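Enquirer: If it helps, the file is called run_16.cif and holds mmCIF, C-alpha atoms:
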```
data_run
#
loop_
_atom_site.label_atom_id
_atom_site.label_comp_id
_atom_site.auth_asym_id
_atom_site.auth_seq_id
_atom_site.Cartn_x
_atom_site.Cartn_y
_atom_site.Cartn_z
CA MET A 1 76.21 21.09 -1.12
CA ARG A 2 73.61 23.15 -2.90
CA ASN A 3 74.95 25.60 -5.46
CA VAL A 4 73.10 28.89 -6.05
CA ASP A 5 73.93 32.04 -7.93
CA TYR A 6 72.82 34.31 -5.08
CA ILE A 7 72.12 34.32 -1.39
CA ILE A 8 69.95 37.20 -0.15
CA VAL A 9 70.06 37.99 3.56
CA GLY A 10 67.03 40.02 4.62
CA ASP A 11 63.32 39.98 3.83
CA GLY A 12 62.31 43.63 3.49
CA TYR A 13 61.68 45.63 0.33
CA ALA A 14 65.35 45.56 -0.69
CA GLY A 15 65.56 41.76 -0.48
CA LEU A 16 62.22 41.06 -2.16
CA PHE A 17 62.64 43.44 -5.07
CA LEU A 18 66.15 42.11 -5.62
CA ALA A 19 64.73 38.58 -5.60
CA HIS A 20 62.34 39.70 -8.34
CA GLN A 21 65.28 40.78 -10.48
CA LEU A 22 66.82 37.32 -10.01
CA ILE A 23 63.56 35.57 -10.93
CA LYS A 24 63.18 37.80 -13.98
CA ASN A 25 66.72 36.95 -15.12
CA ASN A 26 66.55 33.22 -14.37
CA LYS A 27 69.11 33.25 -11.57
CA SER A 28 69.07 30.65 -8.80
CA PHE A 29 68.88 31.99 -5.25
CA VAL A 30 67.80 31.52 -1.67
CA ILE A 31 66.56 34.25 0.66
CA PHE A 32 67.18 34.07 4.39
CA THR A 33 64.41 35.28 6.70
CA GLU A 34 64.26 35.19 10.48
CA GLY A 35 60.48 35.17 10.40
CA ARG A 36 60.15 38.42 12.35
CA ARG A 37 58.14 41.29 10.90
CA SER A 38 60.60 43.77 9.43
CA ALA A 39 60.09 47.54 9.23
CA SER A 40 59.04 46.99 5.61
CA GLN A 41 56.34 44.54 6.63
CA VAL A 42 54.71 46.98 9.06
CA SER A 43 55.09 49.97 6.74
CA ALA A 44 52.18 51.96 5.31
CA GLY A 45 52.99 51.00 1.73
CA ILE A 46 52.62 54.59 0.53
CA ILE A 47 53.77 55.24 -3.04
CA ASN A 48 54.26 58.97 -3.22
CA PRO A 49 56.34 61.09 -5.64
CA VAL A 50 55.91 64.30 -3.61
CA VAL A 51 57.38 65.55 -0.33
CA LEU A 52 54.11 66.73 1.19
CA LYS A 53 55.55 69.15 3.73
CA LYS A 54 57.16 71.45 1.16
CA PHE A 55 55.43 70.27 -2.05
CA THR A 56 58.66 69.23 -3.73
CA THR A 57 59.71 66.05 -5.50
CA PHE A 58 62.89 64.00 -5.29
CA TRP A 59 65.60 62.43 -7.41
CA LYS A 60 64.28 60.16 -10.17
CA ALA A 61 60.72 60.23 -8.84
CA GLN A 62 59.01 59.70 -12.19
CA GLU A 63 61.43 56.96 -13.24
CA GLN A 64 60.89 55.19 -9.93
CA ILE A 65 57.09 55.38 -10.18
CA ASP A 66 57.14 54.04 -13.76
CA PHE A 67 59.54 51.23 -12.93
CA LEU A 68 57.53 50.18 -9.88
CA LYS A 69 54.32 49.84 -11.90
CA GLU A 70 56.17 47.80 -14.53
CA SER A 71 57.76 45.58 -11.86
CA LEU A 72 54.46 44.93 -10.06
CA LYS A 73 52.95 43.72 -13.34
CA GLU A 74 55.89 41.35 -13.76
CA ILE A 75 55.46 40.08 -10.21
CA GLU A 76 51.76 39.51 -10.93
CA SER A 77 52.75 37.13 -13.73
CA TYR A 78 54.05 34.56 -11.24
CA THR A 79 52.15 35.32 -8.00
CA GLY A 80 48.80 35.83 -9.72
CA GLU A 81 48.09 39.12 -7.96
CA ASN A 82 48.73 42.80 -8.56
CA TYR A 83 49.46 44.48 -5.25
CA LEU A 84 49.00 48.06 -6.45
CA ILE A 85 46.07 49.89 -4.81
CA ASN A 86 45.04 52.91 -6.88
CA ALA A 87 44.01 55.12 -3.97
CA PRO A 88 45.53 58.59 -4.50
CA ILE A 89 46.78 60.78 -1.69
CA HIS A 90 44.67 63.82 -0.78
CA ARG A 91 46.68 66.36 1.19
CA ILE A 92 44.54 68.48 3.55
CA PHE A 93 45.57 72.14 3.32
CA HIS A 94 46.13 74.03 6.56
CA ASP A 95 45.34 77.45 5.06
CA GLU A 96 45.14 79.50 1.84
CA ASN A 97 48.90 79.96 1.80
CA GLU A 98 49.36 76.23 1.29
CA GLN A 99 46.79 76.25 -1.50
CA ASN A 100 48.68 79.04 -3.26
CA LEU A 101 52.04 77.34 -2.77
CA TRP A 102 50.63 74.09 -4.21
CA LEU A 103 49.34 75.91 -7.30
CA LYS A 104 52.64 77.72 -7.76
CA LYS A 105 54.63 74.51 -7.45
CA SER A 106 52.25 72.70 -9.84
CA GLU A 107 53.51 74.94 -12.64
CA ASN A 108 57.01 73.61 -12.12
CA GLU A 109 57.98 71.11 -14.85
CA GLU A 110 59.13 68.51 -12.30
CA LEU A 111 55.87 68.72 -10.33
CA SER A 112 53.22 69.38 -12.99
CA HIS A 113 52.59 65.62 -13.46
CA PHE A 114 52.08 65.12 -9.73
CA LEU A 115 50.25 68.13 -8.24
CA ASP A 116 46.62 68.27 -9.43
CA GLN A 117 45.44 71.85 -9.90
CA ASN A 118 41.80 71.01 -9.09
CA PHE A 119 41.11 70.97 -5.36
CA ASP A 120 38.63 68.58 -3.73
CA ARG A 121 36.40 68.73 -0.67
CA LEU A 122 36.21 65.48 1.29
CA ASN A 123 33.32 64.18 3.36
CA ILE A 124 33.60 63.13 7.03
CA VAL A 125 36.98 64.77 7.76
CA LYS A 126 37.67 68.44 8.44
CA ASN A 127 39.11 70.10 5.34
CA ASP A 128 38.02 73.74 5.46
CA PHE A 129 40.71 74.72 2.95
CA LEU A 130 40.05 71.69 0.69
CA THR A 131 42.58 69.07 -0.38
CA GLY A 132 45.13 68.66 -3.15
CA LYS A 133 45.37 65.34 -4.98
CA VAL A 134 48.78 63.82 -5.73
CA ASN A 135 48.55 62.31 -9.19
CA GLN A 136 50.33 58.96 -9.71
CA SER A 137 50.32 58.32 -5.95
CA ALA A 138 49.02 54.97 -4.72
CA ARG A 139 49.51 52.31 -2.06
CA LEU A 140 51.04 48.87 -2.01
CA ASN A 141 49.01 46.04 -0.51
CA VAL A 142 51.80 45.34 1.98
CA ASN A 143 50.41 42.14 3.52
CA GLY A 144 49.51 40.77 0.10
CA PHE A 145 52.90 41.64 -1.37
CA PHE A 146 54.93 39.92 1.35
CA GLY A 147 52.51 37.02 1.72
CA GLY A 148 52.35 36.39 -2.02
CA LEU A 149 56.09 36.52 -2.57
CA PHE A 150 56.91 34.41 0.49
CA ASN A 151 54.44 31.77 -0.75
CA TYR A 152 56.13 31.82 -4.15
CA PHE A 153 59.60 31.52 -2.58
CA LYS A 154 58.45 28.62 -0.40
CA LYS A 155 56.88 26.70 -3.30
CA ASN A 156 60.02 27.13 -5.39
CA ASP A 157 62.51 26.27 -2.62
CA HIS A 158 63.93 29.79 -2.38
CA LEU A 159 63.06 30.42 1.27
CA VAL A 160 65.37 29.62 4.19
CA GLN A 161 63.66 30.39 7.49
CA GLU A 162 66.57 30.86 9.84
CA LYS A 163 68.90 33.56 11.12
CA PHE A 164 72.00 34.00 8.99
CA ASP A 165 75.13 32.98 10.94
CA TYR A 166 78.10 35.16 9.89
CA SER A 167 80.53 32.79 11.64
CA LYS A 168 79.61 30.05 9.14
CA LEU A 169 80.39 32.19 6.10
CA ASN A 170 83.65 31.57 4.20
CA PRO A 171 83.74 34.31 1.55
CA SER A 172 87.17 33.26 0.26
CA GLU A 173 85.76 29.87 -0.75
CA SER A 174 82.22 31.16 -1.54
CA ILE A 175 80.73 28.73 0.97
CA TYR A 176 78.02 29.24 3.58
CA LYS A 177 77.10 26.11 5.55
CA ASP A 178 75.76 23.69 2.88
CA TYR A 179 75.64 26.30 0.13
CA THR A 180 78.10 27.37 -2.50
CA PHE A 181 77.33 30.71 -4.10
CA LYS A 182 78.39 33.31 -6.61
CA ASN A 183 77.37 36.37 -4.57
CA ILE A 184 75.72 37.24 -1.25
CA ILE A 185 73.69 40.44 -0.87
CA PHE A 186 73.02 41.73 2.64
CA CYS A 187 69.66 43.54 2.75
CA GLU A 188 69.27 43.60 6.52
CA GLY A 189 68.07 47.09 7.38
CA MET A 190 69.25 48.00 10.88
CA GLY A 191 70.42 44.39 11.33
CA VAL A 192 73.48 45.38 9.31
CA LYS A 193 75.01 46.77 12.51
CA GLU A 194 75.62 43.14 13.59
CA ASN A 195 77.20 42.27 10.23
CA PRO A 196 81.02 42.06 10.57
CA TYR A 197 81.47 42.74 6.85
CA PHE A 198 79.38 45.92 6.57
CA SER A 199 78.84 47.12 10.15
CA GLU A 200 80.52 50.44 9.41
CA ILE A 201 77.96 51.66 6.87
CA THR A 202 76.35 54.90 7.98
CA VAL A 203 72.69 54.03 8.51
CA THR A 204 70.75 55.54 11.39
CA PRO A 205 67.60 54.01 12.91
CA ASN A 206 64.43 56.06 12.65
CA LYS A 207 61.64 54.56 14.75
CA GLY A 208 58.16 54.79 13.33
CA HIS A 209 54.85 54.00 15.09
CA HIS A 210 51.44 53.61 13.52
CA ILE A 211 48.04 52.79 14.94
CA LYS A 212 45.10 50.89 13.54
CA VAL A 213 41.81 52.44 14.52
CA LYS A 214 38.10 51.74 14.26
CA LEU A 215 36.27 54.87 13.09
CA SER A 216 32.72 55.50 14.31
CA GLN A 217 31.98 57.23 10.97
CA PRO A 218 33.75 55.35 8.12
CA LEU A 219 35.35 57.26 5.26
CA GLN A 220 33.27 57.23 2.11
CA GLU A 221 36.06 56.70 -0.42
CA ASN A 222 39.06 54.40 -0.73
CA ILE A 223 41.62 57.19 -0.74
CA THR A 224 44.67 58.07 1.32
CA ILE A 225 44.27 61.21 3.42
CA LYS A 226 47.35 63.12 4.56
CA LYS A 227 47.61 65.85 7.12
CA LYS A 228 50.30 65.23 9.73
CA HIS A 229 50.23 61.52 8.92
CA PHE A 230 48.49 59.14 6.52
CA LEU A 231 44.98 57.72 7.05
CA PHE A 232 43.52 54.95 4.88
CA PRO A 233 41.35 51.81 5.17
CA THR A 234 43.05 48.45 5.66
CA GLY A 235 40.00 46.18 5.59
CA ASN A 236 38.12 44.47 8.43
CA GLY A 237 36.69 47.83 9.43
CA LEU A 238 40.10 49.20 10.49
CA TYR A 239 42.11 52.21 9.31
CA PHE A 240 45.86 52.77 9.32
CA TYR A 241 47.10 56.08 10.76
CA GLY A 242 50.80 56.93 10.88
CA GLY A 243 53.66 56.91 10.96
CA THR A 244 55.82 58.86 13.34
CA TYR A 245 59.53 59.64 13.01
CA ASP A 246 61.81 59.34 16.04
CA ARG A 247 65.61 59.14 16.16
CA GLU A 248 65.83 59.42 19.95
CA GLN A 249 63.52 56.84 21.60
CA LEU A 250 65.04 53.69 20.09
CA HIS A 251 63.98 51.09 22.66
CA HIS A 252 62.25 47.96 21.37
CA HIS A 253 58.81 48.55 22.80
CA ILE A 254 55.85 50.87 22.21
CA ASP A 255 56.44 54.52 23.04
CA GLU A 256 53.22 55.86 24.58
CA SER A 257 54.15 59.44 23.67
CA ALA A 258 54.20 58.40 19.99
CA VAL A 259 50.75 56.84 20.36
CA ALA A 260 49.48 60.04 22.02
CA GLN A 261 50.95 62.07 19.16
CA LEU A 262 49.06 59.93 16.64
CA VAL A 263 45.78 60.11 18.55
CA LYS A 264 46.09 63.90 18.75
CA GLY A 265 46.97 64.19 15.06
CA LEU A 266 43.99 62.12 13.95
CA SER A 267 41.63 64.01 16.28
CA GLU A 268 42.59 67.30 14.64
CA PHE A 269 40.85 66.42 11.37
CA TYR A 270 38.60 63.47 12.21
CA PRO A 271 35.80 64.99 14.35
CA TYR A 272 34.13 61.74 15.46
CA ASP A 273 34.94 59.05 18.00
CA PHE A 274 37.48 56.37 17.20
CA GLU A 275 39.12 53.48 19.04
CA VAL A 276 42.77 52.44 18.85
CA GLU A 277 42.75 48.70 18.14
CA GLU A 278 46.44 48.01 17.38
CA VAL A 279 49.84 49.72 17.75
CA HIS A 280 52.87 48.77 15.66
CA PHE A 281 56.39 50.11 15.23
CA GLY A 282 59.54 49.46 13.21
CA PHE A 283 63.02 50.89 12.65
CA ARG A 284 63.68 52.44 9.26
CA PRO A 285 67.35 52.40 8.14
CA THR A 286 67.95 56.03 7.11
CA VAL A 287 70.88 57.85 5.56
CA LYS A 288 71.74 61.52 6.01
CA ASP A 289 71.44 62.31 2.27
CA ARG A 290 68.21 60.24 1.96
CA ARG A 291 69.64 57.92 -0.70
CA PRO A 292 70.30 54.18 -0.53
CA ILE A 293 73.65 52.62 0.24
CA ILE A 294 74.68 50.02 -2.35
CA GLY A 295 78.04 48.48 -3.03
CA ARG A 296 80.61 45.69 -3.12
CA HIS A 297 82.88 44.76 -0.24
CA GLU A 298 86.41 46.08 -0.73
CA THR A 299 88.13 42.79 0.15
CA PHE A 300 85.57 40.14 -0.83
CA SER A 301 84.18 40.84 -4.30
CA ASN A 302 81.35 38.32 -3.79
CA LEU A 303 79.77 40.26 -0.88
CA TYR A 304 77.36 43.16 -1.47
CA VAL A 305 75.20 45.49 0.59
CA PHE A 306 71.78 46.99 -0.28
CA ASN A 307 70.51 49.18 2.54
CA GLY A 308 69.41 52.64 3.67
CA LEU A 309 66.06 52.73 1.86
CA GLY A 310 64.51 54.92 4.56
CA ALA A 311 60.88 56.01 4.30
CA ARG A 312 60.83 55.40 0.52
CA GLY A 313 61.52 51.70 0.79
CA ILE A 314 59.13 50.64 -1.97
CA LEU A 315 60.36 53.05 -4.63
CA ASN A 316 64.03 52.87 -3.64
CA GLY A 317 63.98 49.10 -3.22
CA CYS A 318 62.34 48.46 -6.57
CA TYR A 319 64.28 50.93 -8.70
CA PHE A 320 67.76 50.37 -7.31
CA SER A 321 67.44 46.57 -7.26
CA ARG A 322 67.87 46.73 -11.03
CA ASP A 323 70.95 48.95 -10.71
CA LEU A 324 72.48 46.53 -8.21
CA PHE A 325 71.72 43.54 -10.43
CA ARG A 326 73.36 45.21 -13.42
CA PHE A 327 76.35 46.14 -11.29
CA MET A 328 76.81 42.53 -10.16
CA GLU A 329 76.13 40.85 -13.49
CA GLU A 330 77.41 43.35 -16.04
CA ASP A 331 79.72 45.54 -13.95
CA ILE A 332 77.71 48.63 -14.94
CA PRO A 333 78.84 51.28 -12.43
CA LEU A 334 76.43 52.43 -9.74
CA HIS A 335 75.33 56.05 -9.53
CA GLU A 336 77.76 57.91 -7.29
CA GLU A 337 74.71 59.14 -5.36
CA VAL A 338 73.92 55.62 -4.09
CA SER A 339 77.35 53.99 -3.98
CA TRP A 340 78.47 53.27 -0.44
CA LYS A 341 81.90 54.66 -1.39
CA ARG A 342 80.48 58.20 -1.17
CA PHE A 343 80.96 58.05 2.62
CA GLN A 344 84.45 56.58 2.57
#
```
Show the structure stored in the file as structure tokens.
Expert:
Amino acid sequence: MRNVDYIIVGDGYAGLFLAHQLIKNNKSFVIFTEGRRSASQVSAGIINPVVLKKFTTFWKAQEQIDFLKESLKEIESYTGENYLINAPIHRIFHDENEQNLWLKKSENEELSHFLDQNFDRLNIVKNDFLTGKVNQSARLNVNGFFGGLFNYFKKNDHLVQEKFDYSKLNPSESIYKDYTFKNIIFCEGMGVKENPYFSEITVTPNKGHHIKVKLSQPLQENITIKKKHFLFPTGNGLYFYGGTYDREQLHHHIDESAVAQLVKGLSEFYPYDFEVEEVHFGFRPTVKDRRPIIGRHETFSNLYVFNGLGARGILNGCYFSRDLFRFMEEDIPLHEEVSWKRFQ
């Protein structure tokens, strides 16, 4: 038998940021991964404190941005890399009304740190009404982040590359196969629907596609451009464009209508030829109030859930991993806004 403080089930942002909290606090753990690319691993990695449709912000945006930057520096101390890409978002305005709304919102105390009042004109892309820069926005090097942390887990015997088998779990005795544990945290995204202990949590799949394209005229700056979707360079001469949102077409293969939507969206502001080289999709676990679902099982006090990160997986996963850790270790109550009991 191997004794660990924690077992983490799931290898997306929730699981990896929680693992960081355990590393930081000298807790022993293993993390179970099936080896399939999760929705987190095919995500854009956008770090954005602003809702760019309405020019609003969201709950604890500044705290989440600050905590993420702090956490990525801590992760750098043991992986040797900082995965933060300082490439701010430039939102292309559709018309003068959007410019005026942006300026009006930028005077709001909550938004003044995020909405830059100086507009920019970009080269290559169509931006007749200029662009607004989102201060403190950035991107995560998604491949580097997952690759670096998985390498660290492997070297330090934290990684278990197999599907978690619920039938082998004995929560009353705190035993799973050859492991004894203090707590298990299920960070499975949409996989939670197969989990007999937390299958009733109210997460809804939201399917997102993105394409990787080769542009005939490369962008001149390493920035993130946003109109309908996000466009940015990924290296090797390719650019990411996406992602879509779909709660209806939930089959596990590429939806050609989503690809057509992306091609059309990119064509509207990129006036040159481009080729679609790759298509990817994933299923975001979303919640109707757009806040995570975190909590302890009502019968088994050693089982926890951390889910529902939605489209803000990086910020939500990082920030609320600390809240969950404090809840488990110090019994500091969770915010009512993220506790899974709010739906009971």
Enquirer: Given the file shown, enumerate the residues that the PyMOL selection byres ((chain A and resi 286) around 12) captures and present them as a VMD selection string.
Expert: chain A and resid 39 189 to 190 201 to 208 245 to 247 283 to 285 287 to 293 307 to 313 316
Enquirer: Please enumerate the residues selected by the PyMOL selection byres ((chain A and resi 13) around 9) when evaluated against the supplied file, formatted as an NGL selection string.
Expert: :A and (10-12 or 14-18 or 40-41 or 146 or 187 or 309 or 313-314 or 316-318)
Enquirer: Please write the residues from the selection above to a file, keeping C-alpha atoms, as a PDB file, in the frame of the given file.
Expert:
```
ATOM      1  CA  GLY A  10      67.030  40.020   4.620  1.00  0.00           C
ATOM      2  CA  ASP A  11      63.320  39.980   3.830  1.00  0.00           C
ATOM      3  CA  GLY A  12      62.310  43.630   3.490  1.00  0.00           C
ATOM      4  CA  ALA A  14      65.350  45.560  -0.690  1.00  0.00           C
ATOM      5  CA  GLY A  15      65.560  41.760  -0.480  1.00  0.00           C
ATOM      6  CA  LEU A  16      62.220  41.060  -2.160  1.00  0.00           C
ATOM      7  CA  PHE A  17      62.640  43.440  -5.070  1.00  0.00           C
ATOM      8  CA  LEU A  18      66.150  42.110  -5.620  1.00  0.00           C
ATOM      9  CA  SER A  40      59.040  46.990   5.610  1.00  0.00           C
ATOM     10  CA  GLN A  41      56.340  44.540   6.630  1.00  0.00           C
ATOM     11  CA  PHE A 146      54.930  39.920   1.350  1.00  0.00           C
ATOM     12  CA  CYS A 187      69.660  43.540   2.750  1.00  0.00           C
ATOM     13  CA  LEU A 309      66.060  52.730   1.860  1.00  0.00           C
ATOM     14  CA  GLY A 313      61.520  51.700   0.790  1.00  0.00           C
ATOM     15  CA  ILE A 314      59.130  50.640  -1.970  1.00  0.00           C
ATOM     16  CA  ASN A 316      64.030  52.870  -3.640  1.00  0.00           C
ATOM     17  CA  GLY A 317      63.980  49.100  -3.220  1.00  0.00           C
ATOM     18  CA  CYS A 318      62.340  48.460  -6.570  1.00  0.00           C
TER      19      CYS A 318
END
```
Enquirer: Could you name the residues that touch His253 in chain A at 12 Å or less, counting all atoms listed in the file, but leaving out those on the same chain fewer than 4 positions away, as a PyMOL selection string?
Expert: chain A and resi 207-209+249+257-259+279-283
Enquirer: Can you turn the PyMOL selection byres ((chain A and resi 295) around 10) into a concrete residue list for this file, as a list in words?
Expert: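 So the PyMOL selection byres ((chain A and resi 295) around 10) ends up selecting Ile185, Pro292, Ile293, Ile294, Arg296, His297, Glu298, Ser301, Leu303, Tyr304, Val305, Phe306, Asn307, Leu324, Phe327, Met328, Pro333, Leu334, Val338, Ser339, Trp340 and Lys341 of chain A.
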Enquirer: Would you compute the distance between CA of Phe343 in chain A and CA of Arg37 in chain A? Give it in Å to one decimal.
Expert: 29.5 Å
Enquirer: Calculate how many Å separate CA of Glu329 in chain A from CA of Phe300 in chain A, rounding to one decimal.
Expert: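 CA of Phe300 in chain A lies at a distance of 15.8 Å from CA of Glu329 in chain A.
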Enquirer: Using all atoms listed in the file, which of A:Arg91, A:Lys168, A:Arg2, A:Lys54 sits nearest Val134 in chain A?
Expert: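 The closest residue to Val134 in chain A is A:Arg91.
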Enquirer: May I ask which of the residues A:Ala44, A:Ile75, A:Leu231, A:Leu159 is the closest one to Val125 in chain A, counting only C-alpha atoms?
Expert: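 With only C-alpha atoms as the atom set, the closest residue is A:Leu231.
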Enquirer: Taking only C-alpha atoms into account, which of A:Glu188, A:Glu336, A:Asp323, A:Glu70 comes nearest Ile8 in chain A?
Expert: A:Glu188
Enquirer: Do a neighbour search on Gly237 in chain A at 12 Å with all atoms listed in the file, toss out local chain neighbours closer than 6 positions, and write the hits as JSON, numbers by chain.
Expert: {"A": [212, 213, 214, 215, 216, 217, 218, 219, 274, 275, 277]}
Enquirer: Using all atoms listed in the file, can you tell me which of A:Tyr239, A:Tyr78, A:Tyr270, A:Tyr83 comes closest to Gly144 in chain A?
Expert: A:Tyr83
Enquirer: What is the distance, in Å and to one decimal place, between CA of Ala138 in chain A and CA of Glu96 in chain A?
Expert: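 Answer for the CA of Ala138 in chain A to CA of Glu96 in chain A separation: 25.7 Å.
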Enquirer: What's the 12 Å shell around His113 in chain A, counting only C-alpha atoms, without same-chain residues fewer than 2 positions away, as a count of residues only?
Expert: 21
Enquirer: Please return range 87-102 of chain A, rebuilt to N, CA, C and O atoms, as an mmCIF file, in the frame of the given file.
Expert:
```
data_model
loop_
_atom_site.group_PDB
_atom_site.id
_atom_site.type_symbol
_atom_site.label_atom_id
_atom_site.label_comp_id
_atom_site.auth_asym_id
_atom_site.auth_seq_id
_atom_site.Cartn_x
_atom_site.Cartn_y
_atom_site.Cartn_z
ATOM 1 N N ALA A 87 44.722 54.262 -4.923
ATOM 2 C CA ALA A 87 44.010 55.120 -3.970
ATOM 3 C C ALA A 87 44.863 56.360 -3.753
ATOM 4 O O ALA A 87 45.754 56.361 -2.911
ATOM 5 N N PRO A 88 44.637 57.427 -4.538
ATOM 6 C CA PRO A 88 45.530 58.590 -4.500
ATOM 7 C C PRO A 88 45.530 59.316 -3.172
ATOM 8 O O PRO A 88 44.548 59.284 -2.420
ATOM 9 N N ILE A 89 46.635 59.975 -2.910
ATOM 10 C CA ILE A 89 46.780 60.780 -1.690
ATOM 11 C C ILE A 89 46.055 62.108 -1.879
ATOM 12 O O ILE A 89 46.190 62.774 -2.908
ATOM 13 N N HIS A 90 45.276 62.496 -0.846
ATOM 14 C CA HIS A 90 44.670 63.820 -0.780
ATOM 15 C C HIS A 90 45.276 64.557 0.411
ATOM 16 O O HIS A 90 45.055 64.168 1.560
ATOM 17 N N ARG A 91 46.016 65.583 0.130
ATOM 18 C CA ARG A 91 46.680 66.360 1.190
ATOM 19 C C ARG A 91 45.747 67.467 1.675
ATOM 20 O O ARG A 91 45.305 68.318 0.891
ATOM 21 N N ILE A 92 45.389 67.434 2.967
ATOM 22 C CA ILE A 92 44.540 68.480 3.550
ATOM 23 C C ILE A 92 45.356 69.753 3.727
ATOM 24 O O ILE A 92 46.415 69.730 4.360
ATOM 25 N N PHE A 93 44.862 70.860 3.171
ATOM 26 C CA PHE A 93 45.570 72.140 3.320
ATOM 27 C C PHE A 93 45.270 72.764 4.676
ATOM 28 O O PHE A 93 44.138 72.734 5.163
ATOM 29 N N HIS A 94 46.287 73.367 5.270
ATOM 30 C CA HIS A 94 46.130 74.030 6.560
ATOM 31 C C HIS A 94 45.514 75.430 6.403
ATOM 32 O O HIS A 94 44.810 75.913 7.281
ATOM 33 N N ASP A 95 45.815 76.072 5.249
ATOM 34 C CA ASP A 95 45.340 77.450 5.060
ATOM 35 C C ASP A 95 45.448 77.810 3.571
ATOM 36 O O ASP A 95 45.872 76.990 2.743
ATOM 37 N N GLU A 96 45.094 79.038 3.243
ATOM 38 C CA GLU A 96 45.140 79.500 1.840
ATOM 39 C C GLU A 96 46.580 79.595 1.345
ATOM 40 O O GLU A 96 46.826 79.423 0.143
ATOM 41 N N ASN A 97 47.495 79.879 2.216
ATOM 42 C CA ASN A 97 48.900 79.960 1.800
ATOM 43 C C ASN A 97 49.385 78.638 1.216
ATOM 44 O O ASN A 97 50.121 78.621 0.221
ATOM 45 N N GLU A 98 48.967 77.529 1.833
ATOM 46 C CA GLU A 98 49.360 76.230 1.290
ATOM 47 C C GLU A 98 48.697 75.964 -0.053
ATOM 48 O O GLU A 98 49.320 75.388 -0.952
ATOM 49 N N GLN A 99 47.452 76.381 -0.203
ATOM 50 C CA GLN A 99 46.790 76.250 -1.500
ATOM 51 C C GLN A 99 47.590 76.987 -2.582
ATOM 52 O O GLN A 99 47.847 76.449 -3.668
ATOM 53 N N ASN A 100 47.955 78.223 -2.278
ATOM 54 C CA ASN A 100 48.680 79.040 -3.260
ATOM 55 C C ASN A 100 50.051 78.457 -3.567
ATOM 56 O O ASN A 100 50.487 78.470 -4.733
ATOM 57 N N LEU A 101 50.723 77.949 -2.539
ATOM 58 C CA LEU A 101 52.040 77.340 -2.770
ATOM 59 C C LEU A 101 51.905 76.103 -3.647
ATOM 60 O O LEU A 101 52.707 75.884 -4.563
ATOM 61 N N TRP A 102 50.888 75.283 -3.391
ATOM 62 C CA TRP A 102 50.630 74.090 -4.210
ATOM 63 C C TRP A 102 50.439 74.470 -5.676
ATOM 64 O O TRP A 102 51.039 73.866 -6.575
#
```
